[in-house]
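Chemist: Pasting a structure here, questions to come.
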Amino acid sequence: LKQHLGIDFSHAKLGRFTQTPPHQENLFTNNSFLTSYLNRVLPREVREEIWPDLTRFGQRAVTELYTLGRQCELNQPFLKPYDAWGNRTDELVTCEAWKTLKKISAEEGLIATAYEGRYGEYDRLYQMVKLGVFSPVSGLYSCPLAMTDGAAKTALVLSNSPHLSKAYQHLTSRDPSLFWTSGQWMTEKRGGSDVNGSTETLAVESGNGSHLLFGYKWFSSATDADMALTLAKIVPHTQQQQPTSNRLTMFYLETRRDDRQLNGIQLVRLKDKLGTRQLPTAELLLDGTTAHRVSDEGRGVAAIANMLTITRLHNSVSSCSLMRRLLQLSRDYSKRRCAFGGPVEGHVLHQLTSSRLEVTTRGCEALTYHLVRLLGREEARVASKTETLVLRALTPIAKAYTAKAVMSVVSEALECFGGQGYIEDTGLPSHLRDAQVLPIWEGTTNIMSLDYLRALTKSNGEAMTAVYEDVKARVQSANQSDDMSGLKSACHTITQALDSVTSFLQHKPHLIQHAARDIAFSIADIYIGSLLIEHAEFDGNEVSVETARRWCETARLVHITPQQYTTTHNTAIVMDGYNEDEV
Ligand code: UCC
Ligand code: FAD
């Protein structure tokens, strides 16, 4: 009877329909904004050399690497503090896939590419594009790589230290047996934003030129690192001696001694985290850790800032590539998933929702890869003064902006999968959990906004002038082009917005601390608008022109709200109903 009526449901039969999962697109070749950008900025001979490698790697990413990354999510690291006989072992157990990703990172030159000098000012761009392909499928192996890259750069800048010279060889090696990763131990229990005010770790001279560290590092990601750069306060040998500086000094340490025992380090526990669970993040007790001073005394924060510039750009690249990855998956799914009589892709409201995500992602990519390009130029010593100033000022802004964008884009992209976006074994939900760390680590959004102000102050305002002139030049060039008639109004909007922010900075210096975050996001939106216009002018493609137009004309570019910059009112709003005596 059931057969006769065409009924498929019966015990042990679940119906005929199963949903086709999203297919994975090549993470490099199918990113049309990025490939078009590279076509614009790379010389032909560089393009011809690196394109086959990026194309191959884009495919490897969504096959082999994706599988390894998933294994890291499913086989999370754990700590075995003691062996069966009660001996303290502090053994960190990571899965095979995690170890394989380290090997692949070395072989693929994910760090080395930036330091080998093969393509001069384009080395950095090549490396970061490749890392962008790697990051969203890497099971968070992108995190240790970010810190490794930061340490390599710091070692290069502070090249007078023999310890750092040795480390540099390992950090930039393509040989898996020599390749090292690095940690970056800054945060302590008292705080991670105000590092100088919160660090309790002490360094005592050990007599043979090295120091012994005593302290407690509250967050240390990728705890299986071979080395770390860290901060401590040097205390004098005897009570009669005064400390030379009350500020921090940077130290280099290797995590294991020659006999492979931990170097005076106890892995107290692994953090129980919302996301990034693939990544071992530990609390570390330093109890006589042998370390070498690698900055001038009291200059630790300035020295480790070399590392922060690199890791914050990694954060931006990872944010962009996570957005890109989810948009690729969701656009494919929208062709395979049907509702109300046809593929989801065909519904106008779905199209608009998805196109907004695409525009946001392109904007973030435009800013991030432009800064990567400037970094490459600075490292190759061909950057202009304006470019160097723009790079310093906009790196924290890009970190803050892209990290906020990825949170909203990933959340919306998961919704594009409906309920499946919430189901663990699709592999999708972990992306939302992992994204939430991007605005927090490497400095929170507020701290990044204040860092932008620091860049302006330290340069006596020259950084703001550089950003201003840079945007103006870009927009003027597009405005004069006959082909860009569709973008005249966008150019006008950008100029107006820029003048408005500049005027605020000039005339309301007393409100700048309040406004730091609004200024940062306004500058990001304006600068990105100018980059998208420039790109549209280059390729003349309908999608690029429309993207630039939407960015400049649909969104609010200036976020400054002077009427809100009043401490009394803000405190009153937040503390309304709060009774200190009851808590
Ligand atoms: O979170 C962490 C690792 C997570 C894993 C990484 C993954 C990466 C992406 C992977 C994606 C999947 S490690 C912890 C990160 N922690 C932070 O970022 C700290 C946040 N706090 C700050 O950034 C603060 O602004 C501090 C710590 C820099 C503030 O310190 P001070 O001592 O109060 O700052 P000062 O006194 O203003 O600056 C001291 C010196 C100055 O140099 P001089 O004396 O020569 O003028 C500053 O100009 O440091 C210099 N400086 C900088 N230089 C400070 N910040 C910078 C900077 N950003 N660039 C250049
Ligand atoms: P706090 O400094 O306590 O900040 C609390 C809030 O106050 C934030 O919202 C902040 O924006 C705000 N705030 C603080 N000062 C100001 C101000 N002046 N103006 C306005 N707002 C302000 N650290 C490492 O050193 N190495 C690591 O490997 C590492 N790995 C991490 C891994 C994970 C998964 C996580 C979550 C964190 C990791 N961190 C690591 C720590 C991270 O860098 C810090 O958590 C981060 O810098 C913030 O510091 P905090 O947690 O002490 O926040």
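Letters A, B, ... go to the chains of the structure tokens in the order shown; residues in each chain start at 1; ligands are counted from 1 in the same order.
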Among region 133-261 of chain A, which residues does DSSP mark as strand (DSSP E or B) when it is run on the backbone? Keep the chain and numbering as in the structure and answer as JSON, numbers by chain.
Modeler: {"A": [182, 183, 184, 185, 188, 191, 202, 203, 204, 205, 211, 212, 213, 214, 215, 216, 217, 218, 219, 220, 221, 227, 228, 229, 230, 231, 232, 233, 234, 235, 249, 250, 251, 252, 253, 254, 256]}
Chemist: Pick out the residues sitting within 7 Å of region 528-532 of chain A, and hand them over as a ChimeraX atom specification; count only C-alpha atoms, and ignore anything fewer than 5 positions along from it in its own chain.
Modeler: /A:363,366-367,471,474-475,494,548,551-552
Chemist: Residues contacting ligand 1 - anything with an atom at most 6 Å away, using only C-alpha atoms and all ligand atoms - can you give me those as a short mmCIF file (atom, residue, chain, number, x, y, z; two decimals) with N, CA and C atoms, in the first residue's frame?
Modeler:
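Heads up, here's the output in pocket26.cif:
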```
data_model
loop_
_atom_site.label_atom_id
_atom_site.label_comp_id
_atom_site.auth_asym_id
_atom_site.auth_seq_id
_atom_site.Cartn_x
_atom_site.Cartn_y
_atom_site.Cartn_z
N LEU A 140 43.11 26.86 13.85
CA LEU A 140 43.74 27.89 14.68
C LEU A 140 45.26 27.78 14.72
N SER A 142 46.93 29.14 12.76
CA SER A 142 47.26 30.51 12.38
C SER A 142 47.69 31.34 13.60
N CYS A 143 47.24 30.95 14.79
CA CYS A 143 47.61 31.73 15.98
C CYS A 143 49.10 31.59 16.31
N ALA A 146 51.10 33.51 13.83
CA ALA A 146 51.10 34.97 13.97
C ALA A 146 52.20 35.39 14.96
N MET A 147 52.26 34.69 16.08
CA MET A 147 53.25 35.07 17.10
C MET A 147 54.66 34.74 16.63
N GLN A 184 54.09 34.61 23.01
CA GLN A 184 54.14 36.05 23.30
C GLN A 184 53.46 36.20 24.66
N MET A 186 52.52 38.23 27.56
CA MET A 186 52.41 39.60 28.06
C MET A 186 51.41 39.70 29.20
N THR A 187 50.27 39.05 29.04
CA THR A 187 49.15 39.26 29.97
C THR A 187 49.40 38.56 31.31
N GLY A 192 45.78 42.70 30.99
CA GLY A 192 46.49 42.55 29.72
C GLY A 192 46.48 43.81 28.87
N SER A 193 45.68 44.80 29.25
CA SER A 193 45.68 46.05 28.49
C SER A 193 46.79 46.95 29.00
N ASP A 194 46.76 47.20 30.29
CA ASP A 194 47.79 48.04 30.92
C ASP A 194 48.94 47.13 31.33
N VAL A 195 49.73 46.74 30.36
CA VAL A 195 50.76 45.71 30.61
C VAL A 195 51.79 46.21 31.61
N ASN A 196 52.22 47.45 31.43
CA ASN A 196 53.25 47.95 32.34
C ASN A 196 52.73 48.01 33.78
N SER A 221 49.06 31.50 24.68
CA SER A 221 48.50 30.67 23.61
C SER A 221 49.58 29.90 22.90
N VAL A 301 58.19 47.38 26.56
CA VAL A 301 56.93 47.56 25.81
C VAL A 301 57.25 48.06 24.40
N ALA A 302 58.15 49.03 24.31
CA ALA A 302 58.51 49.55 22.98
C ALA A 302 59.10 48.42 22.12
N ALA A 305 56.49 45.94 20.96
CA ALA A 305 55.56 46.56 20.00
C ALA A 305 55.91 46.15 18.55
N THR A 311 51.45 40.87 14.63
CA THR A 311 50.36 40.00 15.06
C THR A 311 49.00 40.67 14.84
N HIS A 314 48.12 40.10 11.33
CA HIS A 314 47.65 38.71 11.19
C HIS A 314 46.19 38.61 11.63
N ASN A 315 45.88 39.30 12.72
CA ASN A 315 44.51 39.26 13.22
C ASN A 315 43.54 39.79 12.14
N SER A 318 43.27 37.23 9.34
CA SER A 318 42.43 36.10 9.76
C SER A 318 40.95 36.50 9.79
N TRP A 441 41.82 39.51 21.92
CA TRP A 441 43.27 39.35 22.09
C TRP A 441 44.01 40.32 21.17
N GLU A 442 45.28 40.43 21.40
CA GLU A 442 46.10 41.42 20.68
C GLU A 442 45.62 42.85 20.93
N GLY A 443 44.93 43.07 22.03
CA GLY A 443 44.45 44.41 22.37
C GLY A 443 43.00 44.58 21.99
N ILE A 447 41.39 49.61 23.30
CA ILE A 447 42.85 49.78 23.37
C ILE A 447 43.41 50.09 21.97
N ASP A 451 45.36 53.32 20.78
CA ASP A 451 46.67 53.18 20.14
C ASP A 451 46.74 54.06 18.88
#
```
Chemist: Give me the residues near Leu92 (chain A) as an MDAnalysis selection string, where near means some atom within 7 Å (using only C-alpha atoms) and where sequence neighbours in that chain fewer than 6 positions away do not count.
Modeler: chainID A and resid 78:80
Chemist: Using only C-alpha atoms, which protein or nucleic acid residues come within 6 Å of region 128-138 of chain A? Drop anything in the same chain fewer than 4 positions from it, and give the result as a ChimeraX atom specification.
Modeler: /A:27,66,69,142,317-318,321-322
Chemist: Counting only C-alpha atoms, what is within 10 Å of Lys335 (chain A), bar same-chain residues fewer than 3 positions away, as a list in words?
Modeler: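 My reading of the contact set: Pro22, Ser330, Arg331, Asp332, Cys338, Gly342, Pro343, Val344, Glu345 and Gly346 of chain A.
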Chemist: Write a file of the just-selected residues containing N, CA and C atoms, as a compact mmCIF listing (two decimals), in the first residue's frame.
Modeler:
```
# COMPACT_ATOMS: atom_id res chain seq x y z
N PRO A 22 27.24 22.27 1.47
CA PRO A 22 27.92 23.26 0.63
C PRO A 22 29.23 22.69 0.10
N SER A 330 28.41 29.93 2.11
CA SER A 330 26.97 30.24 2.14
C SER A 330 26.43 30.53 0.74
N ARG A 331 27.28 31.08 -0.14
CA ARG A 331 26.75 31.33 -1.49
C ARG A 331 26.53 30.02 -2.24
N ASP A 332 27.43 29.06 -1.98
CA ASP A 332 27.23 27.77 -2.63
C ASP A 332 25.97 27.09 -2.07
N CYS A 338 16.69 24.76 -1.08
CA CYS A 338 15.47 25.32 -1.67
C CYS A 338 14.47 25.70 -0.58
N GLY A 342 11.96 27.33 -4.72
CA GLY A 342 13.20 27.47 -5.50
C GLY A 342 14.40 27.66 -4.60
N PRO A 343 15.59 27.71 -5.22
CA PRO A 343 16.79 27.89 -4.42
C PRO A 343 16.73 29.20 -3.62
N VAL A 344 17.28 29.14 -2.43
CA VAL A 344 17.31 30.32 -1.55
C VAL A 344 17.95 31.50 -2.28
N GLU A 345 18.93 31.17 -3.10
CA GLU A 345 19.66 32.19 -3.85
C GLU A 345 18.74 33.13 -4.63
N GLY A 346 17.60 32.61 -5.04
CA GLY A 346 16.71 33.38 -5.90
C GLY A 346 15.84 34.39 -5.16
```
Chemist: Considering only C-alpha atoms and all ligand atoms, can you say which of A:Arg44, A:Arg247, A:Arg56, A:His514 comes closest to ligand 2?
Modeler: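 Nearest candidate to ligand 2 out of A:Arg44, A:Arg247, A:Arg56, A:His514: A:His514.
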Chemist: Measuring atom to atom with only C-alpha atoms, identify which of A:Arg174, A:Arg88, A:Gln71, A:Arg324 is nearest to Leu262 (chain A).
Modeler: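 Closest to Leu262 (chain A) of all the choices is A:Arg88.
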